[in-house]
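Enquirer: I'd like to ask some things about the structure below.
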Amino acid sequence: MRLGEDEARRLDADDPGHRELFLVPPAEGGDHPETAYLAGNSLGLQPRAVRGELLQELDEWARLGVEGHLEAGRPWLPYHELLREPAARLVGALPAETVVMNSLTVNLHLLMVSFYRPEGARTLIVVEDTAFPSDSYAVRSQAAFHGLDPDKTVVRTNDPLAAIREHGDRIALVMLGGVNYLTGELMDIPGITAAGHAAGAVVGWDLAHAAGNVPLRLHEWGVDFAAWCSYKYLNSGPGAVAGAFVHERHAGADLPRFEGWWSTEAATRFEMAPVSRPPRTADAWQVSNPPILAMSPVRTSLELFDAVGMPALRARSERLTAYLQSLLDPIGVEVVTPRDPARRGCQLSLRVADAGGLSKTLRHRHGVIADSREPDIVRLAPVPLYSTYHDCWRAAAAIAQEVGA
Ligand SMILES: Cc1ncc(COP(=O)(O)O)c(C=O)c1O
């Protein structure tokens, strides 16, 4: 493998990312001081700039108290406006269709309150068979909230297009992961959205593993609604504030919504009126005032995405992941992620006998951070912003040593 290591170093020299902008955790084991961090699909690394920006908000709070709402360097009252345009660019949305708020599952619920409207025989919700548990629980609880039996209402499928053909006019909502958390498969978001619409259903997407990983054009694809988290590919910290998208054709529509004082037009917020006047934008889905200390890392991180740009990131992502696959192939380990770069993001998922055991060994013996999902999947995500060819080489060399034929 030494020859391979030289090649990895050469590739890093020719095709560098932006690792210098991030804090890479130190390795506990292996021959290198830093971890080969391939778990950005779970929790992205901390951008170096985050600490200073966060300290600035803490200082302003100390210096200004409540006056910071209007007088902070970046006033807190309209702070969420700073995140709207970069978030919209990231998911291919109009600014008015985008809002950064809450966390992911909360946003899915707020959006389903509006967009899951079972009526007559049209009650079904289609999800992937391998939906992330939070999504499964969310859709089941939405069905129950409407007095429906979740077992009869939620359709789990490996083939969403076939399920849409089969259940047609009984489907109220199709809600899928844009990139599947387990297999790393990138779904045909425009194709499935169009098929769902042709069947008369609403189509929403959980973009937890897609935002910042693959290029998205939510507006053009006609997606009804979407939500994503910011702690994975968006590197905004554990439990970071999430995003939401509502297509402009629903703006101002007569939809049920849960409201709070942040749902009303900003200009009317301090009129203290008993009835809200919601804007005709995604902001109408906001409820509470935003957590500035949690928004600051999201803003810092989105600036990085703006500076580098998704096209460049996606191009480097395809090269890195193809390189990792080329190292894994000869080892003979089963990769369950599609081989076609158009059908995956950066993550490769391996099927192994003892996934939990392998990921622990990778960490403690080799300083390689991957993660496992029970019972048999290890996920490796070379993230184009900060992962290196050498990280991929280290992961493959360690896996070859532990499970290779
Ligand atoms: C696909 C997917 N959906 C939902 C969630 C849950 O997110 P949250 O805890 O931010 O609501 C996750 C978390 O990893 C996820 O991967």
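We label chains A, B, ... in the order they appear in the structure tokens, count residues from 1 in each chain, and number ligands from 1 in the order shown.
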Go through stretch 266-327 of chain A and flag each residue having an atom no more than 10 Å from stretch 66-82 of chain A; for those, report the closest pair of atoms plus their distance in Å to one decimal, using only C-alpha atoms, ordered by chain and rising number, as a tab-separated table.
Expert:
residue	atom	partner	partner_atom	distance
A:Ala266	CA	A:Pro78	CA	8.4
A:Asp283	CA	A:His80	CA	9.8
A:Asn289	CA	A:Leu77	CA	8.1
A:Pro290	CA	A:His80	CA	7.0
A:Pro291	CA	A:Trp76	CA	9.0
A:Ile292	CA	A:Trp76	CA	6.6
A:Leu293	CA	A:Trp76	CA	9.9
A:Met295	CA	A:His80	CA	7.5
A:Ser296	CA	A:Tyr79	CA	9.0
A:Arg299	CA	A:Leu82	CA	7.1
A:Leu302	CA	A:Leu82	CA	9.9
Enquirer: Step by step, measure atom-to-atom distances between ligand 1 and each residue using only C-alpha atoms and all ligand atoms, keep those at most 10 Å, then write them as a PyMOL selection string.
Expert: chain A and resi 41-43+102-109+130-136+138+176-182+205-210+227-232+238-242
Enquirer: For A:Leu358, which residue out of A:Val403, A:Val336, A:Leu328, A:Leu234 is the nearest one, using only C-alpha atoms?
Expert: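 With only C-alpha atoms as the atom set, the closest residue is A:Val403.
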Enquirer: Please list as number ranges by chain every residue within 7 Å of stretch 361-366 of chain A, counting only C-alpha atoms and excluding residues in the same chain fewer than 4 positions away.
Expert: A: 28-30, 357, 398
Enquirer: Can you list, as a ChimeraX atom specification, every residue of stretch 220-362 of chain A that DSSP puts in strand (DSSP E)?
Expert: /A:225-228,243-246,334-335,348-351
Enquirer: Could you turn the residues from that selection into a file that holds N, CA and C atoms, as a PDB file, in the first residue's frame?
Expert:
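Wrote again15.pdb, looks like this:
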ATOM      1  N   PHE A 225     -42.333  20.822  -0.928  1.00  0.00           N
ATOM      2  CA  PHE A 225     -41.659  21.308   0.290  1.00  0.00           C
ATOM      3  C   PHE A 225     -40.448  20.433   0.559  1.00  0.00           C
ATOM      4  N   ALA A 226     -39.531  20.965   1.354  1.00  0.00           N
ATOM      5  CA  ALA A 226     -38.342  20.187   1.723  1.00  0.00           C
ATOM      6  C   ALA A 226     -37.793  20.740   3.026  1.00  0.00           C
ATOM      7  N   ALA A 227     -37.006  19.913   3.693  1.00  0.00           N
ATOM      8  CA  ALA A 227     -36.317  20.371   4.901  1.00  0.00           C
ATOM      9  C   ALA A 227     -34.966  19.670   4.971  1.00  0.00           C
ATOM     10  N   TRP A 228     -34.019  20.293   5.629  1.00  0.00           N
ATOM     11  CA  TRP A 228     -32.678  19.700   5.742  1.00  0.00           C
ATOM     12  C   TRP A 228     -32.060  20.129   7.063  1.00  0.00           C
ATOM     13  N   GLY A 243     -33.010  23.950   7.776  1.00  0.00           N
ATOM     14  CA  GLY A 243     -33.584  24.770   6.713  1.00  0.00           C
ATOM     15  C   GLY A 243     -34.915  24.198   6.243  1.00  0.00           C
ATOM     16  N   ALA A 244     -35.677  25.043   5.582  1.00  0.00           N
ATOM     17  CA  ALA A 244     -36.964  24.605   5.021  1.00  0.00           C
ATOM     18  C   ALA A 244     -37.219  25.333   3.709  1.00  0.00           C
ATOM     19  N   PHE A 245     -37.915  24.630   2.828  1.00  0.00           N
ATOM     20  CA  PHE A 245     -38.267  25.158   1.504  1.00  0.00           C
ATOM     21  C   PHE A 245     -39.761  24.953   1.286  1.00  0.00           C
ATOM     22  N   VAL A 246     -40.418  25.988   0.803  1.00  0.00           N
ATOM     23  CA  VAL A 246     -41.819  25.859   0.365  1.00  0.00           C
ATOM     24  C   VAL A 246     -41.904  26.494  -1.013  1.00  0.00           C
ATOM     25  N   GLU A 334     -18.056  -5.441  -0.052  1.00  0.00           N
ATOM     26  CA  GLU A 334     -19.267  -5.102  -0.810  1.00  0.00           C
ATOM     27  C   GLU A 334     -19.664  -3.637  -0.590  1.00  0.00           C
ATOM     28  N   VAL A 335     -19.737  -2.885  -1.698  1.00  0.00           N
ATOM     29  CA  VAL A 335     -20.198  -1.486  -1.624  1.00  0.00           C
ATOM     30  C   VAL A 335     -21.657  -1.483  -2.092  1.00  0.00           C
ATOM     31  N   LEU A 348     -19.971   6.380   0.500  1.00  0.00           N
ATOM     32  CA  LEU A 348     -20.019   4.977   0.103  1.00  0.00           C
ATOM     33  C   LEU A 348     -20.383   4.154   1.337  1.00  0.00           C
ATOM     34  N   SER A 349     -21.329   3.241   1.166  1.00  0.00           N
ATOM     35  CA  SER A 349     -21.753   2.374   2.270  1.00  0.00           C
ATOM     36  C   SER A 349     -21.272   0.957   1.994  1.00  0.00           C
ATOM     37  N   LEU A 350     -20.589   0.396   2.973  1.00  0.00           N
ATOM     38  CA  LEU A 350     -20.048  -0.957   2.826  1.00  0.00           C
ATOM     39  C   LEU A 350     -20.890  -1.916   3.652  1.00  0.00           C
ATOM     40  N   ARG A 351     -21.126  -3.121   3.084  1.00  0.00           N
ATOM     41  CA  ARG A 351     -21.803  -4.150   3.887  1.00  0.00           C
ATOM     42  C   ARG A 351     -20.725  -5.080   4.441  1.00  0.00           C
TER      43      ARG A 351
END
Enquirer: My list of candidates is A:Leu38, A:Leu124, A:Ala312, A:Leu58. Which is closest to A:Ile171 when distances are computed with only C-alpha atoms?
Expert: A:Leu124
Enquirer: Rank A:Leu21, A:Gly309, A:Asp254, A:His247 by their smallest atom-to-atom distance to A:Ser114, using only C-alpha atoms, and report the top residue only.
Expert: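 Ranking A:Leu21, A:Gly309, A:Asp254, A:His247 by distance to A:Ser114, first place goes to A:Asp254.
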Enquirer: Find the spatial neighbours of A:Pro279, counting only C-alpha atoms, within a cut-off of 10 Å - ignore same-chain residues fewer than 3 positions away - and output them as a PyMOL selection string.
Expert: chain A and resi 96+251-252+263-267+276+282-285
Enquirer: From the list A:Glu5, A:Asp340, A:Glu57, A:Glu220, which residue is nearest A:Ile189 when using only C-alpha atoms?
Expert: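 Of A:Glu5, A:Asp340, A:Glu57, A:Glu220, the one nearest A:Ile189, counting only C-alpha atoms, is A:Glu220.
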Enquirer: Tell me which protein, DNA and RNA residues are within 10 Å of A:Leu23, counting only C-alpha atoms, leaving out same-chain ones fewer than 5 positions away, and put them as a list in words.
Expert: Glu34, Leu45, Gln46, Pro47, Arg48, Ala49 and Tyr386 of chain A
Enquirer: Please report, as a PyMOL selection string, each residue of stretch 138-351 of chain A to which DSSP assigns alpha helix (DSSP H) when run on this structure's backbone.
Expert: chain A and resi 138-145+150-153+160-167+189-198+218-221+292-308+310-328
Enquirer: List the spatial neighbours of A:Pro190 as a PyMOL selection string - criterion: any atom at most 8 Å away, only C-alpha atoms, same-chain residues fewer than 2 positions off excluded.
Expert: chain A and resi 188+192-194+221-223
Enquirer: What is the distance, in Å and to one decimal place, between atom CA of A:Ala307 and atom CA of A:Arg344?
Expert: 23.8 Å
Enquirer: Measuring atom to atom with only C-alpha atoms, identify which of A:Leu313, A:Val368, A:Ala396, A:Ala163 is nearest to A:Ser326.
Expert: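 Checking each candidate against A:Ser326, we get A:Ala396 as the closest.
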